[in-house]
file target-v5.cif (mmCIF, C-alpha atoms and all ligand atoms)
data_query
#
loop_
_atom_site.label_atom_id
_atom_site.label_comp_id
_atom_site.auth_asym_id
_atom_site.auth_seq_id
_atom_site.Cartn_x
_atom_site.Cartn_y
_atom_site.Cartn_z
CA MET A 291 -109.70 32.83 8.36
CA SER A 292 -108.41 29.27 7.86
CA LEU A 293 -105.84 30.08 5.16
CA ASN A 294 -103.38 27.48 6.45
CA LEU A 295 -106.07 24.81 6.59
CA TYR A 296 -107.00 25.73 3.00
CA ALA A 297 -103.31 25.43 2.06
CA LYS A 298 -103.28 21.91 3.54
CA ILE A 299 -106.24 20.67 1.52
CA GLU A 300 -105.54 22.60 -1.72
CA PRO A 301 -103.43 19.88 -3.40
CA TYR A 302 -106.23 17.33 -2.92
CA ILE A 303 -109.39 19.18 -3.94
CA GLY A 304 -108.72 19.27 -7.68
CA PHE A 305 -109.88 22.14 -9.96
CA LYS A 306 -106.50 21.92 -11.73
CA LYS A 307 -108.08 22.01 -15.21
CA GLU A 308 -110.20 25.10 -14.37
CA GLN A 309 -107.24 26.76 -12.64
CA GLU A 310 -105.08 26.29 -15.74
CA GLU A 311 -107.82 27.62 -18.03
CA LEU A 312 -108.15 30.71 -15.82
CA HIS A 313 -104.37 31.21 -15.70
CA ASN A 314 -104.20 31.06 -19.51
CA LEU A 315 -106.85 33.79 -19.77
CA PHE A 316 -104.98 36.02 -17.31
CA LEU A 317 -101.68 35.49 -19.11
CA GLU A 318 -103.28 36.38 -22.44
CA LYS A 319 -104.65 39.59 -20.93
CA LEU A 320 -101.27 40.62 -19.48
CA LEU A 321 -99.48 39.91 -22.77
CA ASN A 322 -102.10 41.94 -24.67
CA LEU A 323 -101.67 44.85 -22.23
CA GLY A 324 -97.94 44.82 -23.04
CA VAL A 325 -96.79 44.94 -19.41
CA LYS A 326 -93.54 43.44 -18.12
CA LYS A 327 -93.28 43.95 -14.33
CA VAL A 328 -96.14 42.17 -12.58
CA LEU A 329 -97.21 41.36 -9.00
CA ASP A 330 -99.39 38.29 -8.33
CA ILE A 331 -101.42 39.01 -5.18
CA GLY A 332 -102.58 35.81 -3.44
CA CYS A 333 -100.19 33.79 -5.61
CA GLY A 334 -101.00 30.53 -3.81
CA SER A 335 -98.60 27.70 -4.67
CA GLY A 336 -97.08 29.64 -7.57
CA ASP A 337 -98.51 27.97 -10.69
CA PHE A 338 -99.34 31.28 -12.36
CA LEU A 339 -95.96 32.75 -11.36
CA LEU A 340 -94.21 29.88 -13.11
CA LYS A 341 -96.36 30.12 -16.25
CA ALA A 342 -95.93 33.91 -16.51
CA GLN A 343 -92.19 33.69 -15.83
CA LYS A 344 -91.82 31.15 -18.65
CA SER A 345 -93.58 33.63 -20.96
CA GLY A 346 -90.99 36.29 -20.22
CA LEU A 347 -92.80 38.40 -17.58
CA GLU A 348 -90.86 39.75 -14.59
CA ILE A 349 -93.28 38.54 -11.96
CA GLU A 350 -93.25 38.08 -8.20
CA GLY A 351 -95.95 36.89 -5.87
CA ILE A 352 -97.24 37.47 -2.37
CA ASP A 353 -99.60 35.40 -0.26
CA LEU A 354 -100.71 35.52 3.37
CA SER A 355 -100.25 31.76 3.75
CA ALA A 356 -96.64 30.83 4.57
CA LYS A 357 -97.31 27.25 3.47
CA MET A 358 -98.41 28.37 0.00
CA VAL A 359 -95.40 30.68 -0.37
CA GLN A 360 -93.07 27.84 0.60
CA ARG A 361 -94.58 25.66 -2.15
CA ALA A 362 -94.24 28.48 -4.68
CA ILE A 363 -90.57 29.07 -3.86
CA GLN A 364 -89.89 25.35 -4.37
CA LYS A 365 -91.11 25.79 -7.96
CA GLY A 366 -88.32 28.29 -8.60
CA VAL A 367 -90.34 31.51 -8.57
CA LYS A 368 -90.11 34.68 -6.46
CA ALA A 369 -92.73 34.69 -3.70
CA PHE A 370 -93.03 36.36 -0.30
CA CYS A 371 -95.33 35.95 2.68
CA ILE A 372 -96.23 39.61 3.17
CA ASP A 373 -99.36 41.70 3.22
CA LEU A 374 -100.08 43.63 0.03
CA CYS A 375 -100.13 46.93 1.95
CA GLY A 376 -96.51 46.27 3.04
CA PHE A 377 -95.26 45.68 -0.51
CA ASN A 378 -93.11 48.67 -1.34
CA LYS A 379 -92.14 48.30 -5.00
CA LYS A 380 -94.03 49.62 -8.04
CA VAL A 381 -95.28 47.35 -10.82
CA GLU A 382 -96.91 47.89 -14.21
CA ALA A 383 -99.65 45.41 -13.43
CA ALA A 384 -101.05 43.46 -10.51
CA VAL A 385 -103.24 40.37 -10.70
CA ALA A 386 -105.43 38.63 -8.09
CA ILE A 387 -106.50 35.26 -9.46
CA PHE A 388 -109.02 32.60 -8.47
CA ASP A 389 -111.33 34.09 -5.84
CA VAL A 390 -108.76 36.27 -4.03
CA LEU A 391 -111.12 39.31 -4.01
CA ASN A 392 -113.98 37.15 -2.80
CA TYR A 393 -111.99 36.29 0.35
CA LEU A 394 -112.25 39.95 1.39
CA ASN A 395 -115.26 41.53 3.07
CA LYS A 396 -116.38 44.98 1.91
CA LYS A 397 -114.16 46.88 4.37
CA GLU A 398 -111.10 44.74 3.61
CA LEU A 399 -111.76 45.07 -0.13
CA LYS A 400 -111.72 48.87 0.08
CA LYS A 401 -108.34 48.81 1.87
CA PHE A 402 -107.04 46.14 -0.53
CA LEU A 403 -107.92 48.28 -3.60
CA SER A 404 -106.23 51.32 -2.14
CA CYS A 405 -103.08 49.20 -1.59
CA VAL A 406 -103.36 47.90 -5.18
CA ASP A 407 -103.49 51.53 -6.27
CA ASN A 408 -100.29 52.21 -4.25
CA VAL A 409 -98.25 49.46 -5.90
CA LEU A 410 -99.17 50.45 -9.46
CA VAL A 411 -97.29 52.94 -11.61
CA LYS A 412 -99.43 55.62 -13.29
CA ASN A 413 -101.47 54.01 -16.11
CA GLY A 414 -100.76 50.60 -14.55
CA PHE A 415 -103.34 47.79 -14.67
CA PHE A 416 -105.08 45.60 -12.13
CA VAL A 417 -106.62 42.37 -13.44
CA CYS A 418 -108.72 40.23 -11.10
CA ASP A 419 -111.61 37.80 -11.09
CA ILE A 420 -114.77 37.72 -9.03
CA ASN A 421 -117.50 35.15 -8.74
CA THR A 422 -120.90 36.04 -10.16
CA LEU A 423 -124.03 35.53 -8.09
CA TYR A 424 -124.73 32.43 -10.19
CA GLY A 425 -121.19 31.23 -9.41
CA PHE A 426 -122.01 31.37 -5.70
CA THR A 427 -125.59 30.05 -5.72
CA ASP A 428 -125.33 27.33 -8.34
CA VAL A 429 -121.66 26.39 -8.58
CA ALA A 430 -119.92 26.91 -5.23
CA GLN A 431 -122.73 25.83 -2.91
CA GLY A 432 -122.92 22.18 -1.91
CA SER A 433 -120.86 19.39 -0.39
CA MET A 434 -117.77 17.56 -1.49
CA ILE A 435 -115.81 14.66 -0.05
CA VAL A 436 -112.25 13.66 -0.88
CA ASP A 437 -111.19 10.27 0.38
CA LYS A 438 -107.47 9.65 -0.14
CA LYS A 439 -105.27 6.99 1.45
CA ASP A 440 -104.04 9.02 4.43
CA ARG A 441 -106.57 11.81 4.54
CA PHE A 442 -110.27 12.43 4.40
CA ILE A 443 -111.60 15.89 3.54
CA ALA A 444 -115.21 17.08 3.83
CA LEU A 445 -116.34 20.45 2.44
CA ASP A 446 -119.77 21.87 3.03
CA ALA A 447 -120.57 25.25 1.48
CA GLU A 448 -123.67 27.35 2.03
CA PHE A 449 -124.46 30.76 0.52
CA GLU A 450 -126.60 33.12 2.57
CA ASP A 451 -126.83 36.93 2.81
CA GLU A 452 -124.17 37.29 0.09
CA ILE A 453 -121.64 35.21 2.06
CA LEU A 454 -120.45 31.71 1.16
CA GLU A 455 -119.41 29.81 4.26
CA THR A 456 -117.38 26.71 3.56
CA LYS A 457 -116.92 24.37 6.50
CA ILE A 458 -113.78 22.28 6.12
CA THR A 459 -113.01 19.10 8.05
CA LEU A 460 -109.72 17.32 7.55
CA PHE A 461 -108.77 13.96 9.03
CA GLU A 462 -105.11 13.02 8.61
CA LYS A 463 -103.54 9.66 9.45
CA GLU A 464 -100.45 9.88 11.63
CA ASN A 465 -97.55 7.39 11.70
CA SER A 466 -99.05 5.89 14.88
CA GLY A 467 -102.14 4.94 12.86
CA CYS A 468 -104.34 7.42 14.74
CA HIS A 469 -106.15 10.22 12.90
CA THR A 470 -105.97 13.92 13.74
CA LYS A 471 -108.98 16.10 13.06
CA GLU A 472 -108.81 19.76 12.05
CA SER A 473 -111.73 21.96 11.13
CA GLY A 474 -112.28 25.54 10.08
CA VAL A 475 -114.45 27.88 8.07
CA ILE A 476 -113.60 29.95 5.01
CA LYS A 477 -115.83 32.85 4.13
CA GLN A 478 -116.20 34.27 0.65
CA TYR A 479 -118.10 37.47 -0.06
CA TYR A 480 -120.16 38.34 -3.12
CA HIS A 481 -119.22 41.73 -4.66
CA ASP A 482 -121.39 43.55 -7.14
CA ILE A 483 -119.40 44.85 -10.13
CA GLU A 484 -121.21 48.21 -9.79
CA GLU A 485 -119.67 48.65 -6.31
CA LEU A 486 -116.21 48.03 -7.70
CA LYS A 487 -116.73 50.80 -10.25
CA LEU A 488 -117.05 53.29 -7.40
CA PHE A 489 -113.43 53.02 -6.33
CA LYS A 490 -111.60 56.24 -7.17
CA ASN A 491 -108.23 56.02 -8.99
CA LEU A 492 -108.87 52.57 -10.52
CA LYS A 493 -111.10 52.78 -13.59
CA LEU A 494 -112.86 49.61 -14.73
CA ILE A 495 -112.00 49.33 -18.44
CA ASP A 496 -113.00 45.75 -19.28
CA ILE A 497 -115.36 43.05 -18.01
CA ASP A 498 -115.06 39.55 -19.41
CA PHE A 499 -117.71 37.07 -18.20
CA ILE A 500 -116.44 33.51 -18.30
CA SER A 501 -117.83 30.02 -17.64
CA LEU A 502 -115.24 27.91 -15.84
CA PHE A 503 -117.35 25.32 -14.07
CA SER A 504 -120.63 25.34 -16.02
CA ASP A 505 -122.27 26.64 -19.21
CA LEU A 506 -123.34 29.94 -17.65
CA SER A 507 -121.11 32.80 -16.46
CA ASP A 508 -119.76 31.85 -13.04
CA LYS A 509 -116.91 34.38 -12.98
CA ALA A 510 -115.92 37.72 -14.43
CA ILE A 511 -112.40 38.89 -15.18
CA LEU A 512 -112.15 42.61 -14.52
CA THR A 513 -109.43 44.94 -15.81
CA PHE A 514 -108.84 48.27 -14.07
CA LYS A 515 -106.52 51.06 -15.14
CA LYS A 516 -104.89 53.41 -12.65
CA GLU A 517 -105.74 56.97 -13.61
C1 LIG B 1 -107.98 30.01 -4.29
S1 LIG B 1 -106.36 30.49 -3.91
C2 LIG B 1 -105.79 31.04 -5.46
C3 LIG B 1 -104.31 30.95 -5.60
C4 LIG B 1 -103.72 31.40 -6.92
N1 LIG B 1 -103.94 32.81 -7.17
C5 LIG B 1 -104.21 30.57 -8.08
O1 LIG B 1 -104.63 31.15 -9.07
O2 LIG B 1 -104.15 29.35 -8.00
C6 LIG B 1 -106.57 32.00 -3.04
C7 LIG B 1 -105.27 32.45 -2.38
O3 LIG B 1 -105.47 33.76 -1.85
C8 LIG B 1 -104.72 33.87 -0.66
N2 LIG B 1 -105.28 35.01 0.08
C9 LIG B 1 -106.48 35.14 0.66
N3 LIG B 1 -106.65 36.37 1.18
C10 LIG B 1 -105.51 37.05 0.88
C11 LIG B 1 -105.04 38.38 1.12
N4 LIG B 1 -105.78 39.27 1.79
N5 LIG B 1 -103.82 38.74 0.66
C12 LIG B 1 -103.05 37.83 0.00
N6 LIG B 1 -103.43 36.57 -0.24
C13 LIG B 1 -104.63 36.19 0.19
C14 LIG B 1 -104.87 32.51 0.00
O4 LIG B 1 -103.84 32.22 0.93
C15 LIG B 1 -104.82 31.58 -1.22
O5 LIG B 1 -103.50 31.15 -1.48
#
call {"tool": "encode", "arguments": {"input": "target-v5.cif", "output": "structure tokens"}}
result
Amino acid sequence: MSLNLYAKIEPYIGFKKEQEELHNLFLEKLLNLGVKKVLDIGCGSGDFLLKAQKSGLEIEGIDLSAKMVQRAIQKGVKAFCIDLCGFNKKVEAAVAIFDVLNYLNKKELKKFLSCVDNVLVKNGFFVCDINTLYGFTDVAQGSMIVDKKDRFIALDAEFEDEILETKITLFEKENSGCHTKESGVIKQYYHDIEELKLFKNLKLIDIDFISLFSDLSDKAILTFKKE
């Protein structure tokens, strides 16, 4: 998957307002759960880590993109470029925010949830979001162009057979005046909440449908408790 290409375009594609709104909802949930030690899985460039740290949580993050982790560390937070299944400390809660679960296909999701289970203490919590079907068909699908001084980004997303394929093309101007072209595809997978209920050990205790990008529910925030 083109995680490093995504990391390159992330600062330019916006969604900052929606990201902040989502982060505030996650923070509120963690504070209400009364947890202290938290792991942010797929922490990206560390904005949630910083917000949670400022609110007194002991939080660290992991992400598979080295570029994202580098950006997070520059913000003064603890972040590591390691796979979740290699994380060997225990936390009271883990979060996976802004589509992280949708990046995983069904097989990867099963393994991911068993690794979430491994990092949680007994009675620990896992809070994550997933896109609703409406979020995929009516919000995420479509094209978008970003035309900045030194770069041009084209995104073209199509949802078919429960998979959203986003084709990314990035043109970057070099010092010589020439442009380099990079392209890649990011896949996101729709997951039915009913399927997520089937995972042993993590019990779904709360579903909160939210509308980030439109008036209808385009995402759900799910809270699981380790039994
Ligand atoms: C849309 S970004 C969200 C970043 C951040 N959580 C936020 O709220 O802004 C998704 C992030 O998930 C990371 N990611 C995707 N698959 C992952 C995996 N299997 N394990 C860890 N991180 C992953 C990507 O590198 C990317 O930084």
call {"tool": "residues_near_ligand", "arguments": {"input": "target-v5.cif", "ligand": "ligand LIG 1 (chain B)", "cutoff": "8 Å", "atoms": "only C-alpha atoms and all ligand atoms", "output": "PyMOL selection string"}}
result
chain A and resi 293-294+296-297+309+312-313+330-338+352-355+358+372-374+386-391+393-394+398+402
call {"tool": "atom_distance", "arguments": {"input": "target-v5.cif", "atom1": "CA of Lys490 in chain A", "atom2": "CA of Phe426 in chain A"}}
result
27.0 Å
call {"tool": "closest_residue", "arguments": {"input": "target-v5.cif", "among": "A:Met434, A:Arg361, A:Asn392, A:Val417", "to": "Leu329 in chain A", "atoms": "all atoms listed in the file"}}
result
A:Val417
call {"tool": "residues_around", "arguments": {"input": "target-v5.cif", "residues": "Lys477 in chain A", "least_positions_apart": "3", "cutoff": "9 Å", "atoms": "all atoms listed in the file", "output": "list of chain:residue names"}}
result
A:Met291, A:Asn392, A:Tyr393, A:Leu394, A:Asn395, A:Ile453, A:Leu454, A:Glu455, A:Thr456, A:Lys457
call {"tool": "closest_residue", "arguments": {"input": "target-v5.cif", "among": "A:Leu410, A:Leu295, A:Val429, A:Val385", "to": "Phe503 in chain A", "atoms": "only C-alpha atoms"}}
result
A:Val429
call {"tool": "atom_distance", "arguments": {"input": "target-v5.cif", "atom1": "CA of Asp437 in chain A", "atom2": "CA of Ile303 in chain A"}}
result
10.1 Å
call {"tool": "closest_residue", "arguments": {"input": "target-v5.cif", "among": "A:Ile476, A:Ala342, A:Leu317, A:Ala369", "to": "Ile511 in chain A", "atoms": "only C-alpha atoms"}}
result
A:Leu317
call {"tool": "residues_around", "arguments": {"input": "target-v5.cif", "residues": "Ile483 in chain A", "least_positions_apart": "5", "cutoff": "9 Å", "atoms": "only C-alpha atoms", "output": "PDB file with C-alpha atoms, in the coordinates of the input"}}
result
ATOM      1  CA  ILE A 420    -114.770  37.720  -9.030  1.00  0.00           C
ATOM      2  CA  THR A 422    -120.900  36.040 -10.160  1.00  0.00           C
ATOM      3  CA  LEU A 512    -112.150  42.610 -14.520  1.00  0.00           C
TER       4      LEU A 512
END
call {"tool": "atom_distance", "arguments": {"input": "target-v5.cif", "atom1": "CA of Lys326 in chain A", "atom2": "CA of Asp407 in chain A"}}
result
17.5 Å
call {"tool": "closest_residue", "arguments": {"input": "target-v5.cif", "among": "A:Asp482, A:Glu450, A:Glu348, A:Glu311", "to": "Ala384 in chain A", "atoms": "only C-alpha atoms"}}
result
A:Glu348
call {"tool": "residues_near_point", "arguments": {"input": "target-v5.cif", "point": "(-113.5, 15.3, 2.5)", "cutoff": "12 Å", "atoms": "all atoms listed in the file", "output": "short mmCIF file (atom, residue, chain, number, x, y, z; two decimals) with C-alpha atoms, keeping the file's coordinate frame"}}
result
data_model
loop_
_atom_site.label_atom_id
_atom_site.label_comp_id
_atom_site.auth_asym_id
_atom_site.auth_seq_id
_atom_site.Cartn_x
_atom_site.Cartn_y
_atom_site.Cartn_z
CA ILE A 299 -106.24 20.67 1.52
CA GLU A 300 -105.54 22.60 -1.72
CA TYR A 302 -106.23 17.33 -2.92
CA ILE A 303 -109.39 19.18 -3.94
CA GLY A 304 -108.72 19.27 -7.68
CA SER A 433 -120.86 19.39 -0.39
CA MET A 434 -117.77 17.56 -1.49
CA ILE A 435 -115.81 14.66 -0.05
CA VAL A 436 -112.25 13.66 -0.88
CA ASP A 437 -111.19 10.27 0.38
CA LYS A 438 -107.47 9.65 -0.14
CA LYS A 439 -105.27 6.99 1.45
CA ASP A 440 -104.04 9.02 4.43
CA ARG A 441 -106.57 11.81 4.54
CA PHE A 442 -110.27 12.43 4.40
CA ILE A 443 -111.60 15.89 3.54
CA ALA A 444 -115.21 17.08 3.83
CA LEU A 445 -116.34 20.45 2.44
CA ASP A 446 -119.77 21.87 3.03
CA LYS A 457 -116.92 24.37 6.50
CA ILE A 458 -113.78 22.28 6.12
CA THR A 459 -113.01 19.10 8.05
CA LEU A 460 -109.72 17.32 7.55
CA PHE A 461 -108.77 13.96 9.03
CA GLU A 462 -105.11 13.02 8.61
CA LYS A 471 -108.98 16.10 13.06
CA GLU A 472 -108.81 19.76 12.05
CA SER A 473 -111.73 21.96 11.13
#
call {"tool": "closest_residue", "arguments": {"input": "target-v5.cif", "among": "A:Ser345, A:Ser292, A:Gln431, A:Asn491", "to": "Glu318 in chain A", "atoms": "all atoms listed in the file"}}
result
A:Ser345
call {"tool": "build_atoms", "arguments": {"input": "target-v5.cif", "residues": "range 378-398 of chain A", "atoms": "N, CA and C atoms", "output": "short mmCIF file (atom, residue, chain, number, x, y, z; two decimals), keeping the file's coordinate frame"}}
result
data_model
loop_
_atom_site.label_atom_id
_atom_site.label_comp_id
_atom_site.auth_asym_id
_atom_site.auth_seq_id
_atom_site.Cartn_x
_atom_site.Cartn_y
_atom_site.Cartn_z
N ASN A 378 -93.50 47.29 -1.07
CA ASN A 378 -93.11 48.67 -1.34
C ASN A 378 -92.40 48.90 -2.67
N LYS A 379 -92.68 48.02 -3.66
CA LYS A 379 -92.14 48.30 -5.00
C LYS A 379 -93.29 48.68 -5.91
N LYS A 380 -92.98 49.26 -7.08
CA LYS A 380 -94.03 49.62 -8.04
C LYS A 380 -94.00 48.63 -9.20
N VAL A 381 -95.18 48.28 -9.69
CA VAL A 381 -95.28 47.35 -10.82
C VAL A 381 -96.20 47.95 -11.89
N GLU A 382 -96.05 47.40 -13.11
CA GLU A 382 -96.91 47.89 -14.21
C GLU A 382 -98.29 47.25 -14.17
N ALA A 383 -98.35 46.07 -13.56
CA ALA A 383 -99.65 45.41 -13.43
C ALA A 383 -99.66 44.52 -12.20
N ALA A 384 -100.86 44.40 -11.61
CA ALA A 384 -101.05 43.46 -10.51
C ALA A 384 -102.20 42.55 -10.90
N VAL A 385 -102.12 41.29 -10.45
CA VAL A 385 -103.24 40.37 -10.70
C VAL A 385 -103.67 39.75 -9.36
N ALA A 386 -104.92 39.38 -9.26
CA ALA A 386 -105.43 38.63 -8.09
C ALA A 386 -106.35 37.57 -8.69
N ILE A 387 -105.85 36.32 -8.67
CA ILE A 387 -106.50 35.26 -9.46
C ILE A 387 -107.15 34.18 -8.60
N PHE A 388 -108.28 33.73 -9.05
CA PHE A 388 -109.02 32.60 -8.47
C PHE A 388 -109.57 32.93 -7.09
N ASP A 389 -110.53 33.82 -7.05
CA ASP A 389 -111.33 34.09 -5.84
C ASP A 389 -110.67 35.01 -4.82
N VAL A 390 -109.45 35.51 -5.08
CA VAL A 390 -108.76 36.27 -4.03
C VAL A 390 -109.63 37.44 -3.53
N LEU A 391 -110.29 38.17 -4.44
CA LEU A 391 -111.12 39.31 -4.01
C LEU A 391 -112.33 38.85 -3.20
N ASN A 392 -112.81 37.64 -3.52
CA ASN A 392 -113.98 37.15 -2.80
C ASN A 392 -113.66 36.73 -1.36
N TYR A 393 -112.37 36.60 -1.03
CA TYR A 393 -111.99 36.29 0.35
C TYR A 393 -112.10 37.53 1.25
N LEU A 394 -112.27 38.70 0.63
CA LEU A 394 -112.25 39.95 1.39
C LEU A 394 -113.67 40.45 1.62
N ASN A 395 -113.96 40.90 2.85
CA ASN A 395 -115.26 41.53 3.07
C ASN A 395 -115.19 42.97 2.54
N LYS A 396 -116.31 43.67 2.60
CA LYS A 396 -116.38 44.98 1.91
C LYS A 396 -115.32 45.96 2.44
N LYS A 397 -115.13 45.95 3.77
CA LYS A 397 -114.16 46.88 4.37
C LYS A 397 -112.73 46.51 3.94
N GLU A 398 -112.44 45.21 4.00
CA GLU A 398 -111.10 44.74 3.61
C GLU A 398 -110.84 45.01 2.12
#
